[in-house]
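Here's the structure we're looking at; comments come further down.
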Amino acid sequence: EAGVAQSPRYKIIEKRQSVAFWCNPISGHATLYWYQQILGQGPKLLIQFQNNGVVDDSQLPKDRFSAERLKGVDSTLKIQPAKLEDSAVYLCASSLGERRTNTGELFFGEGSRLTVL
Amino acid sequence: RKEVEQDPGPFNVPEGATVAFNCTYSNSASQSFFWYRQDCRKEPKLLMSVYSSGNEDGRFTAQLNRASQYISLLIRDSKLSDSATYLCVVAELMNSGYSTLTFGKGTMLLVSP
(Lines give C-alpha, C1' and ligand atoms only; values in the text may rest on other atoms or scores of the structure.)
Protein backbone atom coordinates (compact mmCIF):
# COMPACT_ATOMS: atom_id res chain seq x y z
CA GLU A 1 0.00 0.00 0.00
CA ALA A 2 1.36 3.40 -0.96
CA GLY A 3 2.05 5.75 1.90
CA VAL A 4 1.50 9.48 2.24
CA ALA A 5 3.34 11.31 -0.51
CA GLN A 6 4.72 14.82 -0.06
CA SER A 7 6.67 17.18 -2.23
CA PRO A 8 9.04 18.86 -2.41
CA ARG A 9 11.28 17.16 0.14
CA TYR A 10 13.44 20.24 0.55
CA LYS A 11 12.92 23.90 -0.21
CA ILE A 12 15.12 26.91 0.44
CA ILE A 13 13.65 30.38 -0.03
CA GLU A 14 14.32 33.90 1.08
CA LYS A 15 12.07 35.69 3.52
CA ARG A 16 9.02 37.33 1.97
CA GLN A 17 8.97 34.76 -0.84
CA SER A 18 6.17 32.25 -1.18
CA VAL A 19 6.21 28.45 -1.12
CA ALA A 20 3.70 25.67 -1.61
CA PHE A 21 3.74 22.09 -0.40
CA TRP A 22 1.71 19.24 -1.80
CA CYS A 23 0.36 16.13 -0.11
CA ASN A 24 -1.34 13.01 -1.41
CA PRO A 25 -2.80 10.95 1.45
CA ILE A 26 -3.30 7.21 1.64
CA SER A 27 -6.17 6.13 -0.57
CA GLY A 28 -9.45 6.06 1.32
CA HIS A 29 -8.27 8.17 4.23
CA ALA A 30 -10.87 10.83 4.95
CA THR A 31 -8.84 12.90 7.40
CA LEU A 32 -5.78 14.87 6.36
CA TYR A 33 -3.54 16.87 8.66
CA TRP A 34 -0.78 19.40 8.19
CA TYR A 35 1.68 19.65 11.06
CA GLN A 36 4.62 22.02 11.51
CA GLN A 37 7.64 20.62 13.31
CA ILE A 38 10.34 23.07 14.33
CA LEU A 39 13.71 21.58 15.23
CA GLY A 40 13.68 20.19 18.77
CA GLN A 41 9.92 20.41 19.15
CA GLY A 42 6.98 18.12 18.63
CA PRO A 43 4.66 18.41 15.64
CA LYS A 44 2.17 21.26 15.94
CA LEU A 45 -1.18 20.91 14.18
CA LEU A 46 -1.78 23.62 11.60
CA ILE A 47 -4.95 22.37 9.96
CA GLN A 48 -7.11 19.25 9.90
CA PHE A 49 -9.45 18.36 7.05
CA GLN A 50 -12.30 15.89 7.09
CA ASN A 51 -12.81 15.09 3.40
CA ASN A 52 -12.73 18.59 1.91
CA GLY A 53 -14.01 20.43 5.00
CA VAL A 54 -11.90 22.06 7.70
CA VAL A 55 -12.28 20.51 11.16
CA ASP A 56 -9.62 22.52 13.00
CA ASP A 57 -7.47 25.42 11.82
CA SER A 58 -7.19 27.26 15.13
CA GLN A 59 -3.37 27.28 15.04
CA LEU A 60 -2.96 28.20 11.39
CA PRO A 61 -1.45 31.71 11.00
CA LYS A 62 -4.10 32.75 8.53
CA ASP A 63 -2.40 36.03 7.60
CA ARG A 64 0.31 34.07 5.78
CA PHE A 65 -0.66 30.40 5.67
CA SER A 66 -3.43 28.86 3.61
CA ALA A 67 -4.40 25.30 2.84
CA GLU A 68 -6.95 23.60 0.69
CA ARG A 69 -8.11 20.11 -0.03
CA LEU A 70 -10.10 20.28 -3.19
CA LYS A 71 -12.12 17.15 -4.01
CA GLY A 72 -11.23 15.69 -0.63
CA VAL A 73 -8.03 13.98 -1.74
CA ASP A 74 -4.81 15.93 -2.40
CA SER A 75 -3.96 18.98 -0.36
CA THR A 76 -1.70 21.99 -0.70
CA LEU A 77 -0.27 24.19 2.02
CA LYS A 78 0.95 27.64 1.04
CA ILE A 79 3.01 30.21 2.89
CA GLN A 80 3.03 33.77 1.59
CA PRO A 81 5.07 35.71 2.56
CA ALA A 82 7.50 33.46 4.43
CA LYS A 83 9.26 34.55 7.61
CA LEU A 84 12.47 33.25 9.13
CA GLU A 85 10.51 31.52 11.89
CA ASP A 86 8.67 29.42 9.31
CA SER A 87 11.79 27.30 8.89
CA ALA A 88 10.57 23.84 9.86
CA VAL A 89 9.53 20.46 8.54
CA TYR A 90 5.96 20.44 7.26
CA LEU A 91 4.45 17.05 7.85
CA CYS A 92 1.33 15.82 6.15
CA ALA A 93 -0.55 12.92 7.73
CA SER A 94 -3.73 11.02 7.01
CA SER A 95 -6.04 8.71 8.88
CA LEU A 96 -9.29 6.86 8.27
CA GLY A 97 -11.07 9.50 10.33
CA GLU A 98 -14.08 7.86 11.90
CA ARG A 99 -16.30 10.21 13.83
CA ARG A 100 -16.13 9.91 17.63
CA THR A 101 -13.52 7.19 17.59
CA ASN A 102 -9.83 7.59 17.18
CA THR A 103 -7.41 4.76 16.87
CA GLY A 104 -4.69 7.40 17.11
CA GLU A 105 -2.92 6.04 14.09
CA LEU A 106 -1.83 8.83 11.85
CA PHE A 107 0.26 7.92 8.84
CA PHE A 108 2.83 10.60 8.15
CA GLY A 109 4.63 11.48 4.98
CA GLU A 110 8.38 12.05 5.01
CA GLY A 111 7.85 15.78 5.32
CA SER A 112 8.90 18.87 3.43
CA ARG A 113 11.85 20.63 4.99
CA LEU A 114 11.69 24.40 4.57
CA THR A 115 14.59 26.74 5.17
CA VAL A 116 13.86 30.47 5.07
CA LEU A 117 16.94 32.69 4.70
CA ARG B 1 -5.06 24.97 23.26
CA LYS B 2 -4.35 22.31 25.84
CA GLU B 3 -0.80 21.33 26.68
CA VAL B 4 1.11 18.06 26.64
CA GLU B 5 4.32 18.21 28.65
CA GLN B 6 7.33 15.94 28.46
CA ASP B 7 10.90 15.99 29.76
CA PRO B 8 12.98 16.57 26.61
CA GLY B 9 15.94 14.53 27.90
CA PRO B 10 18.15 13.20 26.50
CA PHE B 11 18.04 10.04 28.52
CA ASN B 12 21.38 8.26 28.11
CA VAL B 13 21.18 4.59 29.09
CA PRO B 14 23.32 1.48 28.46
CA GLU B 15 22.00 -1.47 26.53
CA GLY B 16 19.87 -3.70 28.70
CA ALA B 17 18.73 -0.92 31.00
CA THR B 18 15.15 -0.13 31.90
CA VAL B 19 14.02 3.42 31.25
CA ALA B 20 10.76 5.25 31.89
CA PHE B 21 9.30 8.38 30.34
CA ASN B 22 6.51 10.48 31.75
CA CYS B 23 4.02 12.84 30.21
CA THR B 24 1.38 15.11 31.69
CA TYR B 25 -1.61 16.64 29.94
CA SER B 26 -3.73 19.59 30.93
CA ASN B 27 -7.14 18.76 29.46
CA SER B 28 -9.03 16.48 31.84
CA ALA B 29 -11.55 15.76 29.07
CA SER B 30 -8.91 14.18 26.83
CA GLN B 31 -10.13 10.98 25.30
CA SER B 32 -7.31 8.86 24.08
CA PHE B 33 -3.58 8.62 24.55
CA PHE B 34 -0.72 7.33 22.48
CA TRP B 35 3.04 7.06 22.25
CA TYR B 36 4.70 7.75 18.91
CA ARG B 37 8.31 7.15 18.02
CA GLN B 38 10.33 9.46 15.80
CA ASP B 39 13.76 8.52 14.51
CA CYS B 40 16.23 11.27 13.65
CA ARG B 41 15.12 13.15 10.52
CA LYS B 42 12.24 10.75 9.97
CA GLU B 43 8.49 11.02 10.36
CA PRO B 44 6.67 10.01 13.57
CA LYS B 45 5.15 6.54 13.73
CA LEU B 46 2.64 5.08 16.17
CA LEU B 47 4.34 2.97 18.83
CA MET B 48 1.36 2.06 20.97
CA SER B 49 -1.94 3.21 22.40
CA VAL B 50 -2.32 3.79 26.14
CA TYR B 51 -5.29 2.21 27.85
CA SER B 52 -6.69 2.95 31.30
CA SER B 53 -5.90 -0.59 32.40
CA GLY B 54 -2.33 -0.30 31.16
CA ASN B 55 -1.00 -2.27 28.24
CA GLU B 56 2.12 -4.08 27.24
CA ASP B 57 3.71 -4.81 23.89
CA GLY B 58 6.85 -6.86 24.23
CA ARG B 59 9.42 -4.78 26.05
CA PHE B 60 7.17 -1.71 26.11
CA THR B 61 4.58 -0.96 28.80
CA ALA B 62 2.29 2.06 28.76
CA GLN B 63 0.18 3.28 31.64
CA LEU B 64 -2.42 5.98 32.14
CA ASN B 65 -3.42 7.71 35.33
CA ARG B 66 -6.49 9.83 34.54
CA ALA B 67 -6.76 11.23 38.06
CA SER B 68 -3.27 12.68 37.86
CA GLN B 69 -3.46 13.35 34.10
CA TYR B 70 -0.26 11.40 33.64
CA ILE B 71 0.96 8.91 31.06
CA SER B 72 4.07 6.76 31.20
CA LEU B 73 6.12 4.56 28.91
CA LEU B 74 8.47 1.91 30.26
CA ILE B 75 11.09 0.26 28.08
CA ARG B 76 12.75 -2.84 29.43
CA ASP B 77 16.00 -4.40 28.18
CA SER B 78 16.86 -1.37 26.02
CA LYS B 79 18.31 -2.03 22.58
CA LEU B 80 20.52 0.25 20.49
CA SER B 81 17.64 0.42 18.02
CA ASP B 82 15.40 1.99 20.68
CA SER B 83 17.37 5.24 20.32
CA ALA B 84 14.80 7.74 19.11
CA THR B 85 12.52 10.51 20.30
CA TYR B 86 9.33 9.35 22.01
CA LEU B 87 6.33 11.62 21.54
CA CYS B 88 3.38 11.63 23.92
CA VAL B 89 0.12 12.24 22.06
CA VAL B 90 -3.31 13.16 23.40
CA ALA B 91 -6.59 13.05 21.48
CA GLU B 92 -9.36 15.52 22.24
CA LEU B 93 -12.89 15.35 20.90
CA MET B 94 -13.88 18.53 19.07
CA ASN B 95 -17.37 20.01 18.73
CA SER B 96 -17.39 18.65 15.19
CA GLY B 97 -17.42 15.12 16.57
CA TYR B 98 -13.95 14.39 15.28
CA SER B 99 -10.81 14.13 17.36
CA THR B 100 -7.68 16.19 17.06
CA LEU B 101 -4.28 14.98 18.22
CA THR B 102 -1.85 17.13 20.21
CA PHE B 103 1.79 16.08 20.36
CA GLY B 104 4.24 16.72 23.17
CA LYS B 105 7.73 17.98 22.37
CA GLY B 106 9.16 14.50 22.79
CA THR B 107 11.73 12.79 24.98
CA MET B 108 15.00 11.76 23.39
CA LEU B 109 16.44 8.36 24.27
CA LEU B 110 20.04 7.41 23.51
CA VAL B 111 21.01 3.80 24.14
CA SER B 112 24.74 3.13 24.16
CA PRO B 113 26.69 -0.15 23.85
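Identifiers for the C-alpha coordinates are assigned positionally: chains receive A, B, ... in sequence, residues are indexed from 1 per chain, and ligands are indexed from 1 in the order shown.
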In chain B, DSSP strand (DSSP E or B) residues written as a ChimeraX atom specification: /B:4-6,11-14,19-25,32-38,45-50,55-57,60-65,70-75,84-93,99-103,107-112
query: Within 10 Å of chain B, which residues of chain A show up when using only C-alpha atoms, listed as a PyMOL selection string?
result: chain A and resi 31+33+35+37-45+47-48+50+54-56+58-59+89+91-93+97-111+113
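Residues lying within 8 Å of Val19 of chain B, counting only C-alpha atoms and ignoring same-chain neighbours fewer than 4 positions away, are Val13, Leu74, Ile75, Arg76 and Ser78 of chain B.
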- request: Measuring atom to atom with only C-alpha atoms, identify which of B:Arg66, B:Thr61, B:Cys40, B:Ile71 is nearest to Asn22 of chain B.
  value: B:Ile71
